[in-house]
Amino acid sequence: MLRLHMNESPYPPSRISLEYINKYSNLLNLYHVEQLYEELLDELSNYVGIDKKFIDVFASSSSILTLMLTYTKIIDSGLVLTHPTFHIIYHLLDNYGIQPAYALLSRMDFTLDVSKLVEVSEGRVVYLINPNNPTSNLLLEDPEALRRVARRAKAVFVDEAYYEFSGLTFRDLVMEYDNVAIIRTVSKAFSLAGARFGYLITGEKIKKVLSGLRIGYEIPITTQAAVLGALRDSYYMREIVSKIIETRENVKKALTSSGLWVADSRTNFLFIDLDKPCRKYWELLKQDGILTLCLENIERLKEFGNYLRVTVGRPEEMDLFVEKLLKIL
Ligand SMILES: Cc1ncc(COP(=O)(O)O)c(C=O)c1O
């Protein structure tokens with residue numbers, strides 16, 4: 001099966017990651033290896049370009065999202081989301097009993113009206129993905145827009161899961177505003193989705209609240225080793241990112257020249273308007289061994305049922321996808 005449905009990397013982890021996993025695996029009898037953990041924080045701080053006192057590490061960025069919802073709940077705050085946003089959030093909200101306020105994206109091109117976001121942010125926790133999933137485009141580019149949100153909101157969590165593909169970060173704002181937090185993952189650009197590792201860039205205030213909601217020592221030693229290795233081989237990551245961007249743009253060109261609308265992606269996936277409900281085409285692709293994400297299949301995103309979200313794989317895989325899609329359409 002060709003996995004174009006979960007925004008994973010089609011390329012294997014760095015060889016240095018594999019070496020480090022091997023090197024540290026004989027320490028799996030321990031809960032914690034101080035030297036490894038400190039080296040990891042130092043390397044992350046170096047990679048992010050910020051003092052390590054602003055960084056905290058977690059077993060996946062998804063686990064940061066659940067902590068953000070717990071935090072929202074315990075401080076009895078409202079939550080602001082864009083719509084559409086990452087589909088797992090809708091499902092979590094029901095179970096957390098949170099009814100969010102929405103900043104709706106434009107139905108034309110999925111851009112965000114910043115003034116509307118600022119208005120609805122007043123006294124609430126804001127979750128924003130930049131660039132956005134599932135629409136793939138940047139929602140905010142000007143740091144001043146985020147400053148306006150931060151001044152009104154209780155807290156702002158900016159999910160930069162696709163940062164390496166967009167090249168745009170609001171990292172520096174965490175030094176200006178203690179209620180701003182940036183969420184990152186190694187699941188995409190670093191080819192380490194299965195390692196389950198994410199990190200938060202934020203000041204002492206949010207770090208303290210979230211650490212009070214954790215037992216600690218939850219990141220496996222082999223995962224810490226894998227991430228340390230990947231950070232020390234950032235050339236490999238950058239190579240993968242440029243390959244994916246090049247493939248992404250070629251696929252986009254092939255689809256748009258066949259008359260399809262494709263969003264301006266700054267991620268490792270494409271958001272494609274099929275101009276008709278996607279389930280039938282999703283099913284046909286699946287029968288051909290190609291997995292994609294059809295928004296018609298997601299209860300809370302049915303209104304965007306003409307859109308297919310497709311991860312960018314290797315060039316030859318994407319040639320196959322384009323050929324099959326255009327044939328069945
Ligand atoms: C916006 C966003 N946040 C978080 C995640 C999950 O990342 P992780 O693998 O670190 O849980 C994804 C994965 O698709 C994502 O798109």
# chains A, B, ... in the order shown; residues from 1 in each chain; ligands from 1

$ select_by_dssp --residues "segment 70-241 of chain A" --states "strand (DSSP E)" --output "PyMOL selection string"
chain A and resi 79-83+101-104+125-129+155-159+180-185+198-202

$ write_last_selection --atoms "C-alpha atoms" --output "tab-separated table (two decimals), in the first residue's frame"
chain	number	residue	atom	x	y	z
A	79	LEU	CA	-11.00	27.46	23.16
A	80	VAL	CA	-10.56	29.02	19.73
A	81	LEU	CA	-9.85	26.92	16.64
A	82	THR	CA	-9.73	27.72	12.98
A	83	HIS	CA	-12.12	25.70	10.86
A	101	ALA	CA	-15.37	29.18	19.15
A	102	TYR	CA	-14.29	29.07	15.51
A	103	ALA	CA	-12.39	31.46	13.27
A	104	LEU	CA	-13.68	30.25	9.91
A	125	VAL	CA	-6.96	29.60	24.64
A	126	VAL	CA	-6.18	29.70	20.91
A	127	TYR	CA	-4.92	26.74	18.84
A	128	LEU	CA	-3.65	27.56	15.39
A	129	ILE	CA	-1.73	25.38	12.91
A	155	ALA	CA	-2.77	31.52	25.72
A	156	VAL	CA	-1.84	30.89	22.09
A	157	PHE	CA	-0.54	27.53	20.90
A	158	VAL	CA	0.90	27.71	17.38
A	159	ASP	CA	1.41	24.24	15.91
A	180	VAL	CA	2.69	32.06	23.50
A	181	ALA	CA	3.76	28.44	22.90
A	182	ILE	CA	5.06	26.85	19.72
A	183	ILE	CA	4.43	23.13	19.14
A	184	ARG	CA	6.84	21.14	16.96
A	185	THR	CA	7.31	17.50	15.96
A	198	GLY	CA	7.47	16.45	19.99
A	199	TYR	CA	8.66	19.60	21.72
A	200	LEU	CA	7.29	22.86	22.98
A	201	ILE	CA	8.96	26.26	22.74
A	202	THR	CA	7.58	28.52	25.45

$ residues_near_ligand --ligand "ligand 1" --cutoff "6 Å" --atoms "only C-alpha atoms and all ligand atoms" --output "PyMOL selection string"
chain A and resi 7+60-62+86+129+133+159+161+185+187+193+196-198

$ write_last_selection --atoms "N, CA and C atoms" --output "PDB file, in the first residue's frame"
ATOM      1  N   ASN A   7       0.557  11.965   6.245  1.00  0.00           N
ATOM      2  CA  ASN A   7       1.620  12.973   6.221  1.00  0.00           C
ATOM      3  C   ASN A   7       2.933  12.499   6.841  1.00  0.00           C
ATOM      4  N   SER A  60       5.639  12.871  21.608  1.00  0.00           N
ATOM      5  CA  SER A  60       4.817  13.280  20.454  1.00  0.00           C
ATOM      6  C   SER A  60       4.178  14.645  20.659  1.00  0.00           C
ATOM      7  N   SER A  61       3.926  15.325  19.533  1.00  0.00           N
ATOM      8  CA  SER A  61       3.237  16.613  19.654  1.00  0.00           C
ATOM      9  C   SER A  61       1.749  16.391  19.895  1.00  0.00           C
ATOM     10  N   SER A  62       1.222  15.223  19.522  1.00  0.00           N
ATOM     11  CA  SER A  62      -0.188  14.919  19.838  1.00  0.00           C
ATOM     12  C   SER A  62      -0.406  14.952  21.346  1.00  0.00           C
ATOM     13  N   PHE A  86      -6.961  20.441  12.245  1.00  0.00           N
ATOM     14  CA  PHE A  86      -6.519  19.035  12.325  1.00  0.00           C
ATOM     15  C   PHE A  86      -7.679  18.153  12.808  1.00  0.00           C
ATOM     16  N   ILE A 129      -2.776  26.167  13.582  1.00  0.00           N
ATOM     17  CA  ILE A 129      -1.729  25.383  12.911  1.00  0.00           C
ATOM     18  C   ILE A 129      -1.188  26.233  11.762  1.00  0.00           C
ATOM     19  N   ASN A 133      -3.191  22.282   8.762  1.00  0.00           N
ATOM     20  CA  ASN A 133      -3.621  20.955   8.350  1.00  0.00           C
ATOM     21  C   ASN A 133      -5.141  20.945   8.513  1.00  0.00           C
ATOM     22  N   ASP A 159       0.886  25.550  16.276  1.00  0.00           N
ATOM     23  CA  ASP A 159       1.408  24.236  15.912  1.00  0.00           C
ATOM     24  C   ASP A 159       2.233  24.377  14.624  1.00  0.00           C
ATOM     25  N   ALA A 161       4.027  22.002  13.112  1.00  0.00           N
ATOM     26  CA  ALA A 161       4.395  20.627  12.732  1.00  0.00           C
ATOM     27  C   ALA A 161       5.125  20.602  11.389  1.00  0.00           C
ATOM     28  N   THR A 185       7.189  18.959  15.975  1.00  0.00           N
ATOM     29  CA  THR A 185       7.309  17.497  15.964  1.00  0.00           C
ATOM     30  C   THR A 185       8.498  17.073  15.109  1.00  0.00           C
ATOM     31  N   SER A 187       8.070  14.205  13.517  1.00  0.00           N
ATOM     32  CA  SER A 187       7.363  13.170  12.737  1.00  0.00           C
ATOM     33  C   SER A 187       7.387  13.406  11.239  1.00  0.00           C
ATOM     34  N   ALA A 193       8.285   9.635  12.618  1.00  0.00           N
ATOM     35  CA  ALA A 193       6.910   9.571  13.147  1.00  0.00           C
ATOM     36  C   ALA A 193       6.756   8.446  14.188  1.00  0.00           C
ATOM     37  N   ARG A 196       7.758   8.915  18.050  1.00  0.00           N
ATOM     38  CA  ARG A 196       6.821   9.641  18.911  1.00  0.00           C
ATOM     39  C   ARG A 196       7.546  10.672  19.782  1.00  0.00           C
ATOM     40  N   PHE A 197       7.893  11.780  19.165  1.00  0.00           N
ATOM     41  CA  PHE A 197       8.598  12.843  19.890  1.00  0.00           C
ATOM     42  C   PHE A 197       8.149  14.208  19.380  1.00  0.00           C
ATOM     43  N   GLY A 198       7.815  15.081  20.336  1.00  0.00           N
ATOM     44  CA  GLY A 198       7.475  16.453  19.995  1.00  0.00           C
ATOM     45  C   GLY A 198       8.086  17.385  21.023  1.00  0.00           C
TER      46      GLY A 198
END

$ atom_distance --atom1 "atom CA of Leu210 of chain A" --atom2 "atom CA of Thr72 of chain A"
10.8 Å

$ select_by_dssp --residues "segment 131-306 of chain A" --states "alpha helix (DSSP H)" --output "MDAnalysis selection string"
chainID A and resid 143:152 163:166 204:211 221:231 234:256 279:287

$ closest_residue --among "A:Gly167, A:Pro131, A:Pro84, A:Pro10" --to "Arg300 of chain A" --atoms "only C-alpha atoms"
A:Pro84

$ residues_around --residues "segment 233-244 of chain A" --least-positions-apart "2" --cutoff "9 Å" --atoms "only C-alpha atoms" --output "list of chain:residue names"
A:Ser9, A:Pro10, A:Tyr11, A:Pro13, A:Ser14, A:Arg15, A:Ile16, A:Ser17, A:Tyr47, A:Glu164, A:Phe165, A:Ala189, A:Phe190, A:Ser191, A:Leu228, A:Gly229, A:Ala230, A:Leu231, A:Glu246, A:Thr247, A:Arg248, A:Glu249, A:Asn268, A:Val312, A:Gly313, A:Arg314, A:Pro315

$ atom_distance --atom1 "atom CA of Ser166 of chain A" --atom2 "atom CA of Thr311 of chain A"
15.2 Å

$ closest_residue --among "A:Lys73, A:His91, A:His5, A:Lys23" --to "Leu291 of chain A" --atoms "only C-alpha atoms"
A:His5

$ atom_distance --atom1 "atom CA of Arg214 of chain A" --atom2 "atom CA of Thr66 of chain A"
11.2 Å

$ closest_residue --among "A:Met1, A:Ser25, A:Gly78, A:Glu119" --to "Ile221 of chain A" --atoms "only C-alpha atoms"
A:Ser25

$ closest_residue --among "A:Lys286, A:Lys302, A:Arg232, A:Arg309" --to "Ile272 of chain A" --atoms "only C-alpha atoms"
A:Arg309

$ closest_residue --among "A:Asp275, A:Glu204, A:Leu270, A:Asn130" --to "Phe170 of chain A" --atoms "only C-alpha atoms"
A:Asn130

$ residues_around --residues "Gly216 of chain A" --least-positions-apart "6" --cutoff "12 Å" --atoms "only C-alpha atoms" --output "count of residues only"
7

$ residues_around --residues "Thr70 of chain A" --least-positions-apart "2" --cutoff "12 Å" --atoms "only C-alpha atoms" --output "VMD selection string"
chain A and resid 63 to 68 72 to 79 92 to 93 95 to 98 125 209 to 214

$ write_last_selection --atoms "C-alpha atoms" --output "CSV table (one decimal), in the first residue's frame"
chain,number,residue,atom,x,y,z
A,63,SER,CA,0.4,14.5,23.6
A,64,ILE,CA,1.0,18.3,23.8
A,65,LEU,CA,-2.4,18.8,22.2
A,66,THR,CA,-4.1,16.7,24.8
A,67,LEU,CA,-2.3,18.6,27.6
A,68,MET,CA,-3.4,21.8,25.9
A,72,THR,CA,-8.0,24.7,28.8
A,73,LYS,CA,-10.5,22.6,30.8
A,74,ILE,CA,-8.8,23.1,34.2
A,75,ILE,CA,-8.6,26.9,33.8
A,76,ASP,CA,-12.2,26.8,32.7
A,77,SER,CA,-11.3,28.8,29.5
A,78,GLY,CA,-12.9,28.8,26.1
A,79,LEU,CA,-11.0,27.5,23.2
A,92,LEU,CA,-11.0,15.0,21.2
A,93,LEU,CA,-13.2,18.1,21.9
A,95,ASN,CA,-14.7,13.7,24.7
A,96,TYR,CA,-13.3,16.6,26.7
A,97,GLY,CA,-16.7,18.3,26.7
A,98,ILE,CA,-15.2,21.5,25.2
A,125,VAL,CA,-7.0,29.6,24.6
A,209,VAL,CA,1.5,24.5,34.1
A,210,LEU,CA,2.0,21.6,31.6
A,211,SER,CA,4.7,19.9,33.6
A,212,GLY,CA,2.2,19.8,36.5
A,213,LEU,CA,0.0,17.6,34.3
A,214,ARG,CA,2.7,15.0,33.6

$ residues_around --residues "Ile50 of chain A" --least-positions-apart "6" --cutoff "10 Å" --atoms "only C-alpha atoms" --output "MDAnalysis selection string"
chainID A and resid 42 44 171:172 174:175 201

$ write_last_selection --atoms "N, CA and C atoms" --output "short mmCIF file (atom, residue, chain, number, x, y, z; two decimals), in the first residue's frame"
data_model
loop_
_atom_site.label_atom_id
_atom_site.label_comp_id
_atom_site.auth_asym_id
_atom_site.auth_seq_id
_atom_site.Cartn_x
_atom_site.Cartn_y
_atom_site.Cartn_z
N ASP A 42 20.39 20.41 24.57
CA ASP A 42 21.39 21.33 23.98
C ASP A 42 21.27 21.34 22.47
N LEU A 44 18.66 20.50 20.62
CA LEU A 44 17.38 21.12 20.22
C LEU A 44 17.48 22.64 20.31
N ARG A 171 8.83 31.52 16.65
CA ARG A 171 9.64 31.19 17.84
C ARG A 171 10.02 32.41 18.69
N ASP A 172 10.42 33.51 18.05
CA ASP A 172 10.92 34.64 18.82
C ASP A 172 9.86 35.28 19.71
N VAL A 174 7.97 33.91 21.78
CA VAL A 174 7.87 33.33 23.13
C VAL A 174 8.73 34.12 24.12
N MET A 175 9.69 34.91 23.59
CA MET A 175 10.51 35.73 24.49
C MET A 175 9.80 37.05 24.81
N ILE A 201 8.08 25.10 22.55
CA ILE A 201 8.96 26.26 22.74
C ILE A 201 8.10 27.31 23.43
#

$ residues_around --residues "Trp261 of chain A" --least-positions-apart "3" --cutoff "10 Å" --atoms "only C-alpha atoms" --output "list in words"
Asp109, Lys252, Leu255, Thr256, Ser257, Ser258, Asp264, Phe271, Ile272, Asp273, Leu274, Asp275 and Tyr307 of chain A
